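J.: Pasting a structure below so you can have a look.
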Amino acid sequence: MMEENPVNTNPLYLGFDLSTQSIKAVVTNESLEVLYEASVNFDKDLPEFRTTGGVNKDERNSKIVSAQPIMWIKALDIVMEKIRLLEFPIDTIVGISGAGQQHGSVYWRRGAQKMLQTLDSGKFLHDQLAFAFSVTHSPVWMDSSTTEYCDKLEKFVGGPEELAKITGSKAYERFTGSQISKIFNTKREAYNSTERISLVSSFICSVFLGDYAGIDYSDGSGMNLLDIRTKTWDAKCLEGATSNDSNLEEKLGIPIPSELVVGTVSNYFVERYGFSPDCKVVAFTGDNPSSFAAMALGPNDIAVSLGTSDTVFLSLDSLPEEGLGEGHIFANPVSSKERYMALLCFKNGSLTRERIRRDAADRSWKIFNELLNSTPRGNFGNIGIYYDLWEIIPKVKNGDHRFNKEGSRLNKFTSKEVEVRALIEGQFLSRRIHAERIGCKITKESKILATGGASCNEDILQVLSDVFNAPVYVQDTSSSADLGACYRIKHAFAEEGSSYTEVVGNKASFKKVCDPNRDAKEIYDTMAKRFEVLEKSIVQGP
Ligand SMILES: Nc1ncnc2c1ncn2[C@@H]1O[C@H](COP(=O)(O)OP(=O)(O)O)[C@@H](O)[C@H]1O
Ligand SMILES: O=C(CO)[C@@H](O)[C@H](O)COP(=O)(O)O
């Protein structure tokens, strides 16, 4: 007789991450151990959408960046088929949740709710939802074309500080409020025919639910529309983004707690893939909030995500009175109480590292790492600052900037080795000085928790460890956003009032991969000061 596979009888959790370049899925058991994984890469697996790095850039205006929601739906079809082929009993999945790249918005056409409610399980989703969107290209977080709407919104509510006081952030181009504002002002017909506006996270949640799912408090904080104290849409911000007669509040739906069970899985998934009709759907959230959940951040932890974007995030016990300057405050994804998360987002992360890898290392991470390791810490005093796209922090246009140890500009460095180290040191010096600027204290107790695609590269992490002068830890997987979804399912299912740390805290197991070198502090403290001056000179221009 065949031995019974314990997995077959255990309840399972299914977590997703619809991020910039791919959709990833992870299946865990109730102990949050990863059992199965599947993913679909937009560039490679869906070439018909002609994306680069998961997005489409407007040929005439490089500030306009979008992705087609129907591509995300097609990717969901494929990843679901991959999950089916894993041949585990899908009916043992008791909870589904997920994450989405932050800020991106999806515009459901009038009638789309009915389409979601009546999906035919005999057909693919992409065949049925092809006409579900009033805006066929969704603006994503890399878009920076909304400056005039940001200015208008800030002015309308009484200035940038006032907007930050209400929503946790000054106006940022990628934030959904000004993106909606742009659509309202430039595509009025499409706006008027929109039944519902989702974030990427609540969009994918809606598909699993077979109905519109609310925007959760944490991802909703990245819109410049939500009052982060009351967790309700702020009337003044709504009015500033569109205008009183625009029914924006109705189109957004009521914001929901990130830990809410929003319902059971749609009949489409029950019939097509064999899910149990009792399988629950837990609110989806942003990819950074979901990684925050997977990491169960302690007070001395600094999370660094090295995905398409590089982000730095921290846990905040209370709301800083004077805001966070260039940082953002989001509602805490694992506690609706008075706790928050702080986040900094740098646009030029992995794709810039890939560009230098292509130019200097023949597209090989192995060669890239050899070049990196063949140069000393401090790189002979050379500093490089590389922006492929308009950067968010600091706000500056694309371009490369190279300086020698005297601070004089160079057209190029003397070798590929120096170029590679200059890129990695420069990126992490920037993450460090901006983190310190929002109050992040690097102490002897500090730990860096790294995640995202590049966190599998220990040579890059060693530089991170040296620049921050703190040890670096990683989890078993370099993609924590989908795993965070499983953690959040477990928390959502726990007894009411149970704290997140009690439910999942000790499951967030990390292993240390790097310790800072002894000379790191001396080298990088000095270099950070020099970097700050050079970065300022770039922002101010010649
Ligand atoms: N060995 C590696 N070293 C450095 N970077 C890597 C390595 N493997 C993958 N990456 C980077 O990971 C990135 C994808 O990260 P990921 O977190 O999956 O992105 P996103 O979630 O934004 O779609 C790729 O763009 C790639 O440059
Ligand atoms: O805009 C932000 C955060 O504010 C980005 O971090 C997006 O959430 C995209 O995340 P990745 O795909 O790079 O992980």
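Residues in the structure tokens are named by chain (A, B, ... in the order shown) and by number from 1 within that chain; ligands are numbered from 1 in the order shown.
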Could you go through range 450-527 of chain A and tell me which residues DSSP, when run on the backbone, assigns to strand (DSSP E), listing them as a list in words?
T.: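 Those residues are Ala450, Thr451, Val472, Tyr473, Val474, Lys511, Lys512, Val513 and Cys514 of chain A.
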J.: Which residues sit within 7 Å of ligand 2, counting only C-alpha atoms and all ligand atoms, listed as a list in words?
T.: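 Written in the requested form, the residues are Ser19, Thr20, Gln21, Gln101, Gln102, His103, Trp141, Arg174, Gly222, Gly286, Asp287, Asn288, Gly307, Thr308, Ser309, Asp310, Thr311, Leu344, Cys345 and Gly452 of chain A.
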J.: Taking C-alpha atoms for each residue, export the selection above as a tab-separated table (two decimals), in the first residue's frame.
T.:
chain	number	residue	atom	x	y	z
A	19	SER	CA	4.87	42.33	-9.45
A	20	THR	CA	6.57	44.31	-12.20
A	21	GLN	CA	8.22	41.53	-14.18
A	101	GLN	CA	3.13	45.95	-7.50
A	102	GLN	CA	2.08	49.12	-5.71
A	103	HIS	CA	0.31	52.20	-7.10
A	141	TRP	CA	4.54	52.62	-10.57
A	174	ARG	CA	3.32	57.16	-9.47
A	222	GLY	CA	0.06	54.54	-1.77
A	286	GLY	CA	0.92	45.81	-2.05
A	287	ASP	CA	4.08	43.83	-2.76
A	288	ASN	CA	6.14	45.83	-0.26
A	307	GLY	CA	13.45	43.73	-7.05
A	308	THR	CA	12.79	45.81	-10.16
A	309	SER	CA	12.73	48.74	-7.75
A	310	ASP	CA	14.95	48.84	-4.70
A	311	THR	CA	12.95	49.65	-1.59
A	344	LEU	CA	11.52	54.54	0.43
A	345	CYS	CA	11.39	53.57	-3.24
A	452	GLY	CA	13.76	40.51	-4.02
J.: Set out as a Markdown table a contact list for chain A and ligand 1 with a cut-off of 10 Å, giving each residue of chain A that qualifies its closest atom pair and distance in Å to one decimal, counting only C-alpha atoms and all ligand atoms, ordered by chain and rising residue number.
T.:
| residue | atom | partner | partner_atom_place_in_ligand_line | distance |
| --- | --- | --- | --- | --- |
| A:Asp17 | CA | ligand 1 | 21 (O) | 7.6 |
| A:Leu18 | CA | ligand 1 | 23 (O) | 7.6 |
| A:Ser19 | CA | ligand 1 | 23 (O) | 4.5 |
| A:Thr20 | CA | ligand 1 | 23 (O) | 4.0 |
| A:Gln21 | CA | ligand 1 | 23 (O) | 3.6 |
| A:Ser22 | CA | ligand 1 | 23 (O) | 5.0 |
| A:Ile23 | CA | ligand 1 | 23 (O) | 7.5 |
| A:Lys24 | CA | ligand 1 | 18 (O) | 8.4 |
| A:Ser39 | CA | ligand 1 | 18 (O) | 9.8 |
| A:Asn41 | CA | ligand 1 | 23 (O) | 8.3 |
| A:Phe42 | CA | ligand 1 | 23 (O) | 9.2 |
| A:Gly53 | CA | ligand 1 | 25 (O) | 7.1 |
| A:Gly54 | CA | ligand 1 | 23 (O) | 7.5 |
| A:Gly100 | CA | ligand 1 | 21 (O) | 9.1 |
| A:Gln101 | CA | ligand 1 | 22 (O) | 7.5 |
| A:Asp287 | CA | ligand 1 | 21 (O) | 7.8 |
| A:Asn288 | CA | ligand 1 | 21 (O) | 9.5 |
| A:Ser305 | CA | ligand 1 | 17 (O) | 7.5 |
| A:Leu306 | CA | ligand 1 | 17 (O) | 6.2 |
| A:Gly307 | CA | ligand 1 | 17 (O) | 3.4 |
| A:Thr308 | CA | ligand 1 | 22 (O) | 3.7 |
| A:Ser309 | CA | ligand 1 | 22 (O) | 6.1 |
| A:Asp310 | CA | ligand 1 | 22 (O) | 8.6 |
| A:Gly349 | CA | ligand 1 | 25 (O) | 8.1 |
| A:Ser350 | CA | ligand 1 | 27 (O) | 4.4 |
| A:Leu351 | CA | ligand 1 | 25 (O) | 5.4 |
| A:Thr352 | CA | ligand 1 | 27 (O) | 8.1 |
| A:Arg353 | CA | ligand 1 | 27 (O) | 6.4 |
| A:Glu354 | CA | ligand 1 | 27 (O) | 5.3 |
| A:Arg355 | CA | ligand 1 | 27 (O) | 8.9 |
| A:Arg357 | CA | ligand 1 | 27 (O) | 9.0 |
| A:Ser364 | CA | ligand 1 | 1 (N) | 8.7 |
| A:Trp365 | CA | ligand 1 | 1 (N) | 5.6 |
| A:Lys366 | CA | ligand 1 | 1 (N) | 7.9 |
| A:Phe368 | CA | ligand 1 | 3 (N) | 8.6 |
| A:Asn369 | CA | ligand 1 | 3 (N) | 8.4 |
| A:Thr451 | CA | ligand 1 | 17 (O) | 7.4 |
| A:Gly452 | CA | ligand 1 | 17 (O) | 3.6 |
| A:Gly453 | CA | ligand 1 | 12 (O) | 3.2 |
| A:Ala454 | CA | ligand 1 | 5 (N) | 3.4 |
| A:Ser455 | CA | ligand 1 | 4 (C) | 6.9 |
| A:Cys456 | CA | ligand 1 | 1 (N) | 5.7 |
| A:Asn457 | CA | ligand 1 | 3 (N) | 4.6 |
| A:Glu458 | CA | ligand 1 | 3 (N) | 8.2 |
| A:Asp459 | CA | ligand 1 | 3 (N) | 8.5 |
| A:Ile460 | CA | ligand 1 | 4 (C) | 7.2 |
| A:Leu461 | CA | ligand 1 | 4 (C) | 9.5 |
| A:Ser478 | CA | ligand 1 | 17 (O) | 7.2 |
| A:Ser479 | CA | ligand 1 | 17 (O) | 6.0 |
| A:Ser480 | CA | ligand 1 | 17 (O) | 8.6 |
| A:Ala481 | CA | ligand 1 | 21 (O) | 8.1 |
| A:Asp482 | CA | ligand 1 | 21 (O) | 9.7 |
J.: Report as CSV: every residue of range 269-320 of chain A with an atom at most 12 Å from range 493-505 of chain A, its closest pair of atoms, and their distance in Å to one decimal, counting only C-alpha atoms, with rows sorted by chain and ascending residue number.
T.:
residue,atom,partner,partner_atom,distance
A:Cys279,CA,A:Phe493,CA,11.6
A:Lys280,CA,A:Phe493,CA,9.4
A:Val281,CA,A:Phe493,CA,10.7
A:Val282,CA,A:Phe493,CA,9.1
A:Phe292,CA,A:Tyr500,CA,11.8
A:Ala293,CA,A:Tyr500,CA,8.8
A:Ala294,CA,A:Val504,CA,8.8
A:Met295,CA,A:Gly505,CA,8.5
A:Ala296,CA,A:Gly505,CA,6.0
A:Leu297,CA,A:Gly505,CA,8.9
A:Gly298,CA,A:Gly505,CA,9.5
J.: Tell me which of A:Leu343, A:Val420, A:Ser266, A:Glu445 sits closest to Cys205 in chain A, counting only C-alpha atoms.
T.: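 Among the listed residues, the smallest separation from Cys205 in chain A belongs to A:Ser266.
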J.: Would you mind listing what lies within 9 Å of Cys237 in chain A as a VMD selection string, with only C-alpha atoms counted and same-chain residues fewer than 5 positions away left out?
T.: chain A and resid 153 to 154 156 to 157 163 166 to 167 177 224 to 227 242
J.: Can you measure CA of Arg530 in chain A to CA of Leu314 in chain A for me? One decimal in Å is fine.
T.: 25.2 Å
J.: Set the distance at 10 Å and use only C-alpha atoms: which residues neighbour range 260-262 of chain A once local chain neighbours fewer than 5 positions away are removed? I'd like the list as a list of chain:residue names.
T.: A:Gly95, A:Ile96, A:Ser97, A:Cys205, A:Ser206, A:Leu209, A:Tyr212, A:Ala213, A:Gly214, A:Asp216, A:Lys280, A:Val281, A:Val282, A:Ala283, A:Phe284, A:Arg488, A:Ile489, A:His491, A:Ala492, A:Phe493
J.: Residues as selected, C-alpha atoms, written as a PDB file, in the first residue's frame, can you do that?
T.:
ATOM      1  CA  GLY A  95      -6.986  30.262   1.798  1.00  0.00           C
ATOM      2  CA  ILE A  96      -5.825  32.450  -1.083  1.00  0.00           C
ATOM      3  CA  SER A  97      -4.229  35.866  -0.794  1.00  0.00           C
ATOM      4  CA  CYS A 205      -8.150  39.677  -5.707  1.00  0.00           C
ATOM      5  CA  SER A 206     -11.380  40.560  -7.563  1.00  0.00           C
ATOM      6  CA  LEU A 209     -13.425  36.513  -5.637  1.00  0.00           C
ATOM      7  CA  TYR A 212     -15.029  43.571  -6.909  1.00  0.00           C
ATOM      8  CA  ALA A 213     -12.710  43.370  -3.904  1.00  0.00           C
ATOM      9  CA  GLY A 214     -11.976  46.438  -1.781  1.00  0.00           C
ATOM     10  CA  ASP A 216      -6.850  47.355   1.538  1.00  0.00           C
ATOM     11  CA  LYS A 280     -11.444  31.730   1.572  1.00  0.00           C
ATOM     12  CA  VAL A 281      -9.998  34.788  -0.135  1.00  0.00           C
ATOM     13  CA  VAL A 282      -8.093  37.167   2.159  1.00  0.00           C
ATOM     14  CA  ALA A 283      -7.558  40.813   1.106  1.00  0.00           C
ATOM     15  CA  PHE A 284      -4.602  41.272  -1.260  1.00  0.00           C
ATOM     16  CA  ARG A 488      -1.359  36.908   6.216  1.00  0.00           C
ATOM     17  CA  ILE A 489      -3.816  34.091   5.486  1.00  0.00           C
ATOM     18  CA  HIS A 491      -3.152  35.525  10.644  1.00  0.00           C
ATOM     19  CA  ALA A 492      -6.567  36.227   9.091  1.00  0.00           C
ATOM     20  CA  PHE A 493      -7.711  32.721  10.109  1.00  0.00           C
TER      21      PHE A 493
END
J.: Could you tell me, as number ranges by chain, which residues of range 276-354 of chain A DSSP assigns to helix (DSSP H, G or I) when given the backbone?
T.: A: 287-295, 350-354
J.: Which residues are close to Gly378 in chain A, i.e. within 10 Å by only C-alpha atoms, leaving aside same-chain residues fewer than 6 positions away? Reply as a VMD selection string.
T.: chain A and resid 405 421 to 422 425 467 520 522 to 524 526 to 527
J.: Here is a test: counting only C-alpha atoms, which residue of A:Lys490, A:Lys511, A:Gly325, A:Val533 is nearest to Gly407 in chain A?
T.: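 Answer, going by the shortest atom-to-atom distance: A:Val533.
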